[in-house]
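**Q** Before I ask anything, let me first share the structure, which is written out below as structure tokens.
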Amino acid sequence: METNRLKQFCTIVETGNMRKAANLLGISHSGLSKSMKVFENEIGFPLLLPSGRGIVISDLGMKLYERSPFFLNELNQLLGQKTTLEKKYTRIGSFEVFTTYFMGRVLKNYLRDVEVEIHELVPGRLEEALILNKVDVGITYEPVPRRGIEYVKVKSLAMGVFKLKDSFQDQTALTVPFVVPVSPLEGAPSGVRGRDGWPDEKFRRNVRYRVDLMITGLELVRQGLCAIFIPEFVAKLYNEGVPSKERIESLPLPKYMAAVKREVFIVKRESTVEDVVVQQIAKALRTLT
């Protein structure tokens, strides 16, 4: 079996579109289509089924895709391709809670002499990127378990409601307008669906704005439009970089709502050795957050 065709098939699954996959792979749409027909003949069952003007992945095709990352990773190691210890740079994956304000300080104070590639990845996508060997190590506070992935707990983060200083003086956390993430969290064993971790099933908020990026949400807070639920360390780092009049302050949690803490984990493949980069990231998490 030609493993390059397996990689092409995985790209089609991940993009959900033959044309997009062909563009990413740098080949023609017709060339990719022919390659998939050859691949289907090799493995003996259909992978791509026509659906209107597009395609869907067959059930057997999805099973093949789910098992492919482990096979490709093992094959790469058997063929002697470079491991993370041999790379000249380290690929770090995380989402903006840790990349927006935290990562710059990590690189400056803990990994100054390390060449780094940073990938913005939400929980779930982070684990997939590790399995596919697209990143070497990750940081998360919402594990989405996958086979072959290991979580190393580093510390607990305190969460809080924050608003612009001196705004919403007569409102509570249940009446003040909120900005929240657009996309829900899928597959987390904790059962949390909101990406910011607020227990919406128990304490319903006055949601007025939904955004893709935390930095956009913080800008709405800076304009005095709403409050946001974020880790306390993010608010602290944010306040260090803005004038006094633009700083944010905490708003008490609703009555009877217990303090919310999120466990922070370093995420890596089980086969990856914990090197000095991982150790320095853990040290930075303990110190800066």
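In the structure tokens, the first chain shown is A, the next is B, and so on; residue numbers restart at 1 for each chain, and ligands run from 1 in the order shown.
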Name the residues of region 32-242 of chain A that come out as helix (DSSP H, G or I) in a backbone DSSP run; write them as a short mmCIF file (atom, residue, chain, number, x, y, z; two decimals) with N, CA and C atoms, in the first residue's frame.
**A**
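Output contents, as saved in out_23.cif:
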```
data_model
loop_
_atom_site.label_atom_id
_atom_site.label_comp_id
_atom_site.auth_asym_id
_atom_site.auth_seq_id
_atom_site.Cartn_x
_atom_site.Cartn_y
_atom_site.Cartn_z
N LEU A 32 -5.85 13.93 -7.44
CA LEU A 32 -6.22 13.40 -6.13
C LEU A 32 -7.34 12.37 -6.28
N SER A 33 -8.29 12.65 -7.16
CA SER A 33 -9.39 11.71 -7.39
C SER A 33 -8.88 10.38 -7.92
N LYS A 34 -7.95 10.43 -8.87
CA LYS A 34 -7.37 9.20 -9.43
C LYS A 34 -6.60 8.44 -8.36
N SER A 35 -5.87 9.19 -7.53
CA SER A 35 -5.09 8.56 -6.46
C SER A 35 -6.00 7.82 -5.49
N MET A 36 -7.16 8.39 -5.19
CA MET A 36 -8.09 7.75 -4.27
C MET A 36 -8.73 6.50 -4.88
N LYS A 37 -8.96 6.54 -6.19
CA LYS A 37 -9.51 5.35 -6.85
C LYS A 37 -8.51 4.20 -6.78
N VAL A 38 -7.23 4.52 -7.00
CA VAL A 38 -6.18 3.50 -6.88
C VAL A 38 -6.12 2.99 -5.45
N PHE A 39 -6.23 3.89 -4.49
CA PHE A 39 -6.16 3.52 -3.08
C PHE A 39 -7.31 2.59 -2.71
N GLU A 40 -8.51 2.91 -3.18
CA GLU A 40 -9.67 2.06 -2.90
C GLU A 40 -9.48 0.66 -3.49
N ASN A 41 -8.89 0.58 -4.68
CA ASN A 41 -8.62 -0.73 -5.28
C ASN A 41 -7.60 -1.51 -4.45
N GLU A 42 -6.63 -0.79 -3.88
CA GLU A 42 -5.60 -1.46 -3.08
C GLU A 42 -6.17 -2.05 -1.80
N ILE A 43 -7.04 -1.31 -1.13
CA ILE A 43 -7.53 -1.77 0.18
C ILE A 43 -8.80 -2.60 0.05
N ASP A 59 -18.39 4.39 6.09
CA ASP A 59 -18.17 3.94 7.47
C ASP A 59 -16.81 3.26 7.60
N LEU A 60 -16.47 2.40 6.64
CA LEU A 60 -15.17 1.74 6.68
C LEU A 60 -14.04 2.75 6.50
N GLY A 61 -14.31 3.77 5.70
CA GLY A 61 -13.32 4.82 5.51
C GLY A 61 -13.04 5.57 6.80
N MET A 62 -14.09 5.85 7.58
CA MET A 62 -13.90 6.54 8.86
C MET A 62 -13.13 5.67 9.85
N LYS A 63 -13.39 4.37 9.84
CA LYS A 63 -12.64 3.47 10.72
C LYS A 63 -11.16 3.46 10.33
N LEU A 64 -10.90 3.47 9.01
CA LEU A 64 -9.51 3.53 8.56
C LEU A 64 -8.85 4.83 9.00
N TYR A 65 -9.57 5.94 8.87
CA TYR A 65 -9.03 7.24 9.26
C TYR A 65 -8.69 7.28 10.75
N GLU A 66 -9.59 6.74 11.57
CA GLU A 66 -9.39 6.77 13.02
C GLU A 66 -8.14 6.01 13.44
N ARG A 67 -7.79 4.96 12.68
CA ARG A 67 -6.63 4.15 13.03
C ARG A 67 -5.36 4.62 12.34
N SER A 68 -5.48 5.47 11.34
CA SER A 68 -4.33 5.86 10.52
C SER A 68 -3.25 6.63 11.27
N PRO A 69 -3.59 7.60 12.15
CA PRO A 69 -2.53 8.38 12.81
C PRO A 69 -1.52 7.51 13.56
N PHE A 70 -2.01 6.49 14.25
CA PHE A 70 -1.11 5.64 15.02
C PHE A 70 -0.19 4.86 14.08
N PHE A 71 -0.76 4.35 12.98
CA PHE A 71 0.03 3.62 12.01
C PHE A 71 1.10 4.51 11.39
N LEU A 72 0.72 5.72 10.97
CA LEU A 72 1.67 6.62 10.32
C LEU A 72 2.76 7.07 11.27
N ASN A 73 2.39 7.30 12.53
CA ASN A 73 3.39 7.72 13.51
C ASN A 73 4.41 6.61 13.76
N GLU A 74 3.91 5.38 13.90
CA GLU A 74 4.82 4.25 14.10
C GLU A 74 5.70 4.03 12.88
N LEU A 75 5.13 4.19 11.70
CA LEU A 75 5.90 4.01 10.47
C LEU A 75 7.01 5.05 10.36
N ASN A 76 6.68 6.30 10.71
CA ASN A 76 7.69 7.35 10.67
C ASN A 76 8.88 7.01 11.56
N GLN A 77 8.58 6.49 12.75
CA GLN A 77 9.66 6.14 13.67
C GLN A 77 10.47 4.95 13.15
N LEU A 78 9.78 3.98 12.56
CA LEU A 78 10.48 2.82 12.01
C LEU A 78 11.38 3.21 10.85
N GLU A 96 -6.04 30.11 22.93
CA GLU A 96 -5.60 31.47 23.23
C GLU A 96 -5.55 31.84 24.70
N VAL A 97 -6.20 31.09 25.57
CA VAL A 97 -6.03 31.34 27.01
C VAL A 97 -4.56 31.31 27.38
N PHE A 98 -3.81 30.41 26.72
CA PHE A 98 -2.39 30.28 27.03
C PHE A 98 -1.48 30.92 26.00
N THR A 99 -1.98 31.25 24.83
CA THR A 99 -1.10 31.82 23.80
C THR A 99 -1.14 33.34 23.74
N PHE A 102 0.27 34.66 27.81
CA PHE A 102 1.19 33.79 28.55
C PHE A 102 2.39 33.36 27.71
N MET A 103 2.16 33.00 26.44
CA MET A 103 3.22 32.38 25.66
C MET A 103 4.41 33.29 25.43
N GLY A 104 4.18 34.58 25.24
CA GLY A 104 5.29 35.50 25.04
C GLY A 104 6.24 35.52 26.22
N ARG A 105 5.68 35.47 27.41
CA ARG A 105 6.51 35.46 28.62
C ARG A 105 7.27 34.14 28.76
N VAL A 106 6.63 33.05 28.32
CA VAL A 106 7.30 31.75 28.36
C VAL A 106 8.53 31.77 27.46
N LEU A 107 8.36 32.27 26.24
CA LEU A 107 9.47 32.28 25.28
C LEU A 107 10.58 33.23 25.73
N LYS A 108 10.19 34.34 26.33
CA LYS A 108 11.19 35.32 26.76
C LYS A 108 11.98 34.84 27.97
N ASN A 109 11.30 34.26 28.94
CA ASN A 109 11.94 33.95 30.22
C ASN A 109 12.33 32.49 30.42
N ARG A 125 -9.07 19.33 19.10
CA ARG A 125 -8.18 19.54 17.96
C ARG A 125 -6.71 19.41 18.39
N LEU A 126 -6.44 19.84 19.61
CA LEU A 126 -5.08 19.71 20.14
C LEU A 126 -4.66 18.26 20.20
N GLU A 127 -5.52 17.42 20.73
CA GLU A 127 -5.21 16.00 20.83
C GLU A 127 -5.04 15.37 19.44
N GLU A 128 -5.89 15.77 18.51
CA GLU A 128 -5.78 15.24 17.14
C GLU A 128 -4.44 15.63 16.51
N ALA A 129 -4.02 16.89 16.75
CA ALA A 129 -2.74 17.35 16.19
C ALA A 129 -1.57 16.58 16.78
N LEU A 130 -1.65 16.23 18.06
CA LEU A 130 -0.60 15.43 18.67
C LEU A 130 -0.55 14.04 18.05
N ILE A 131 -1.71 13.43 17.88
CA ILE A 131 -1.77 12.09 17.30
C ILE A 131 -1.20 12.09 15.89
N MET A 214 -10.93 35.02 22.34
CA MET A 214 -10.92 35.63 23.67
C MET A 214 -10.48 37.08 23.60
N ILE A 215 -9.50 37.39 22.73
CA ILE A 215 -9.00 38.75 22.63
C ILE A 215 -10.10 39.70 22.17
N THR A 216 -11.01 39.20 21.33
CA THR A 216 -12.16 40.02 20.92
C THR A 216 -13.09 40.24 22.09
N GLY A 217 -13.32 39.19 22.88
CA GLY A 217 -14.14 39.34 24.07
C GLY A 217 -13.57 40.34 25.04
N LEU A 218 -12.25 40.31 25.23
CA LEU A 218 -11.61 41.26 26.14
C LEU A 218 -11.73 42.70 25.62
N GLU A 219 -11.71 42.86 24.31
CA GLU A 219 -11.91 44.20 23.75
C GLU A 219 -13.31 44.72 24.05
N LEU A 220 -14.32 43.84 23.98
CA LEU A 220 -15.68 44.26 24.33
C LEU A 220 -15.77 44.65 25.80
N VAL A 221 -15.06 43.90 26.64
CA VAL A 221 -15.01 44.24 28.07
C VAL A 221 -14.32 45.58 28.25
N ARG A 222 -13.23 45.80 27.53
CA ARG A 222 -12.48 47.07 27.64
C ARG A 222 -13.34 48.26 27.24
N GLU A 232 -8.03 33.88 36.25
CA GLU A 232 -7.55 35.09 36.93
C GLU A 232 -6.18 35.52 36.42
N PHE A 233 -5.33 34.56 36.04
CA PHE A 233 -3.99 34.95 35.58
C PHE A 233 -4.06 35.71 34.26
N VAL A 234 -5.06 35.39 33.41
CA VAL A 234 -5.22 36.12 32.15
C VAL A 234 -5.56 37.58 32.44
N ALA A 235 -6.48 37.81 33.39
CA ALA A 235 -6.84 39.18 33.75
C ALA A 235 -5.62 39.93 34.29
N LYS A 236 -4.80 39.25 35.09
CA LYS A 236 -3.61 39.89 35.66
C LYS A 236 -2.63 40.28 34.55
N LEU A 237 -2.37 39.37 33.62
CA LEU A 237 -1.44 39.66 32.54
C LEU A 237 -2.00 40.74 31.61
N TYR A 238 -3.31 40.70 31.38
CA TYR A 238 -3.95 41.72 30.55
C TYR A 238 -3.77 43.10 31.19
N ASN A 239 -4.02 43.21 32.49
CA ASN A 239 -3.93 44.49 33.18
C ASN A 239 -2.52 45.07 33.17
N GLU A 240 -1.52 44.21 33.08
CA GLU A 240 -0.14 44.69 33.06
C GLU A 240 0.18 45.46 31.79
#
```
**Q** Neighbours of Val13 (chain A) within 10 Å (only C-alpha atoms; same-chain residues fewer than 5 positions away dropped), as a PyMOL selection string?
**A** chain A and resi 7-8+18+21+47-48+56-57+61-62+65
**Q** Could you save the residues just selected, with C-alpha atoms, as a CSV table (one decimal), in the first residue's frame?
**A**
```csv
chain,number,residue,atom,x,y,z
A,7,LYS,CA,-2.0,10.6,4.0
A,8,GLN,CA,-4.0,12.1,1.1
A,18,MET,CA,-11.7,17.1,-2.3
A,21,ALA,CA,-7.6,18.8,0.2
A,47,LEU,CA,-13.7,5.3,1.0
A,48,LEU,CA,-15.5,8.2,-0.7
A,56,VAL,CA,-19.1,11.6,2.2
A,57,ILE,CA,-16.7,9.3,3.9
A,61,GLY,CA,-13.3,4.8,5.5
A,62,MET,CA,-13.9,6.5,8.9
A,65,TYR,CA,-9.0,7.2,9.3
```
**Q** Work out how far apart CA of Gly93 (chain A) and CA of Glu117 (chain A) are and give it in Å to one decimal.
**A**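 Atom-to-atom, CA of Gly93 (chain A) to CA of Glu117 (chain A), that is 8.5 Å.
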**Q** Return as JSON, numbers by chain the full set of residues in region 46-277 of chain A whose backbone-based DSSP assignment is strand (DSSP E or B).
**A** {"A": [48, 49, 50, 51, 54, 55, 56, 57, 89, 90, 91, 92, 93, 94, 115, 116, 117, 118, 119, 120, 137, 138, 139, 140, 149, 150, 151, 152, 153, 154, 155, 156, 157, 158, 159, 160, 161, 162, 163, 164, 177, 178, 179, 180, 181, 184, 194, 206, 207, 208, 209, 210, 211, 227, 228, 229, 230, 231, 248, 249, 250, 251, 261, 262, 263, 264, 265, 266, 267, 268, 269]}
**Q** Let me make sure I understand: among A:Ala258, A:Val180, A:Val114, A:Ala158, which one has the smallest atom-to-atom distance to Asp212 (chain A) if we use only C-alpha atoms?
**A**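 Smallest separation from Asp212 (chain A) among the options: A:Val180.
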**Q** For the contact check between region 95-162 of chain A and region 268-282 of chain A, emit one row per residue of region 95-162 of chain A within 9 Å, containing the shortest atom pair and the distance in Å rounded to one decimal, counting only C-alpha atoms, chain then rising number order, as a Markdown table.
**A**
```
| residue | atom | partner | partner_atom | distance |
| --- | --- | --- | --- | --- |
| A:Val106 | CA | A:Ile281 | CA | 7.1 |
| A:Tyr110 | CA | A:Gln280 | CA | 6.0 |
| A:Leu111 | CA | A:Gln280 | CA | 7.2 |
| A:Val114 | CA | A:Val277 | CA | 8.3 |
| A:Glu127 | CA | A:Lys268 | CA | 8.3 |
| A:Leu130 | CA | A:Arg269 | CA | 6.5 |
| A:Ile131 | CA | A:Arg269 | CA | 7.0 |
| A:Asn133 | CA | A:Arg269 | CA | 8.7 |
| A:Val135 | CA | A:Lys268 | CA | 8.9 |
| A:Asp136 | CA | A:Lys268 | CA | 6.7 |
| A:Val137 | CA | A:Lys268 | CA | 4.9 |
| A:Gly138 | CA | A:Lys268 | CA | 6.4 |
| A:Ile139 | CA | A:Ile281 | CA | 8.8 |
| A:Gly148 | CA | A:Glu270 | CA | 5.5 |
| A:Ile149 | CA | A:Arg269 | CA | 4.6 |
| A:Glu150 | CA | A:Glu270 | CA | 5.3 |
| A:Tyr151 | CA | A:Lys268 | CA | 6.7 |
| A:Val152 | CA | A:Lys268 | CA | 8.3 |
| A:Val154 | CA | A:Ala282 | CA | 6.4 |
```
**Q** Report, in Å with one decimal, the straight-line distance from CA of Leu285 (chain A) to CA of Val264 (chain A).
**A**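 Between these atoms lies a distance of 8.3 Å.
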**Q** Tell me, in Å to one decimal, how far CA of Lys202 (chain A) is from CA of Pro231 (chain A).
**A**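 Interatomic distance, CA of Lys202 (chain A) to CA of Pro231 (chain A): 19.6 Å.
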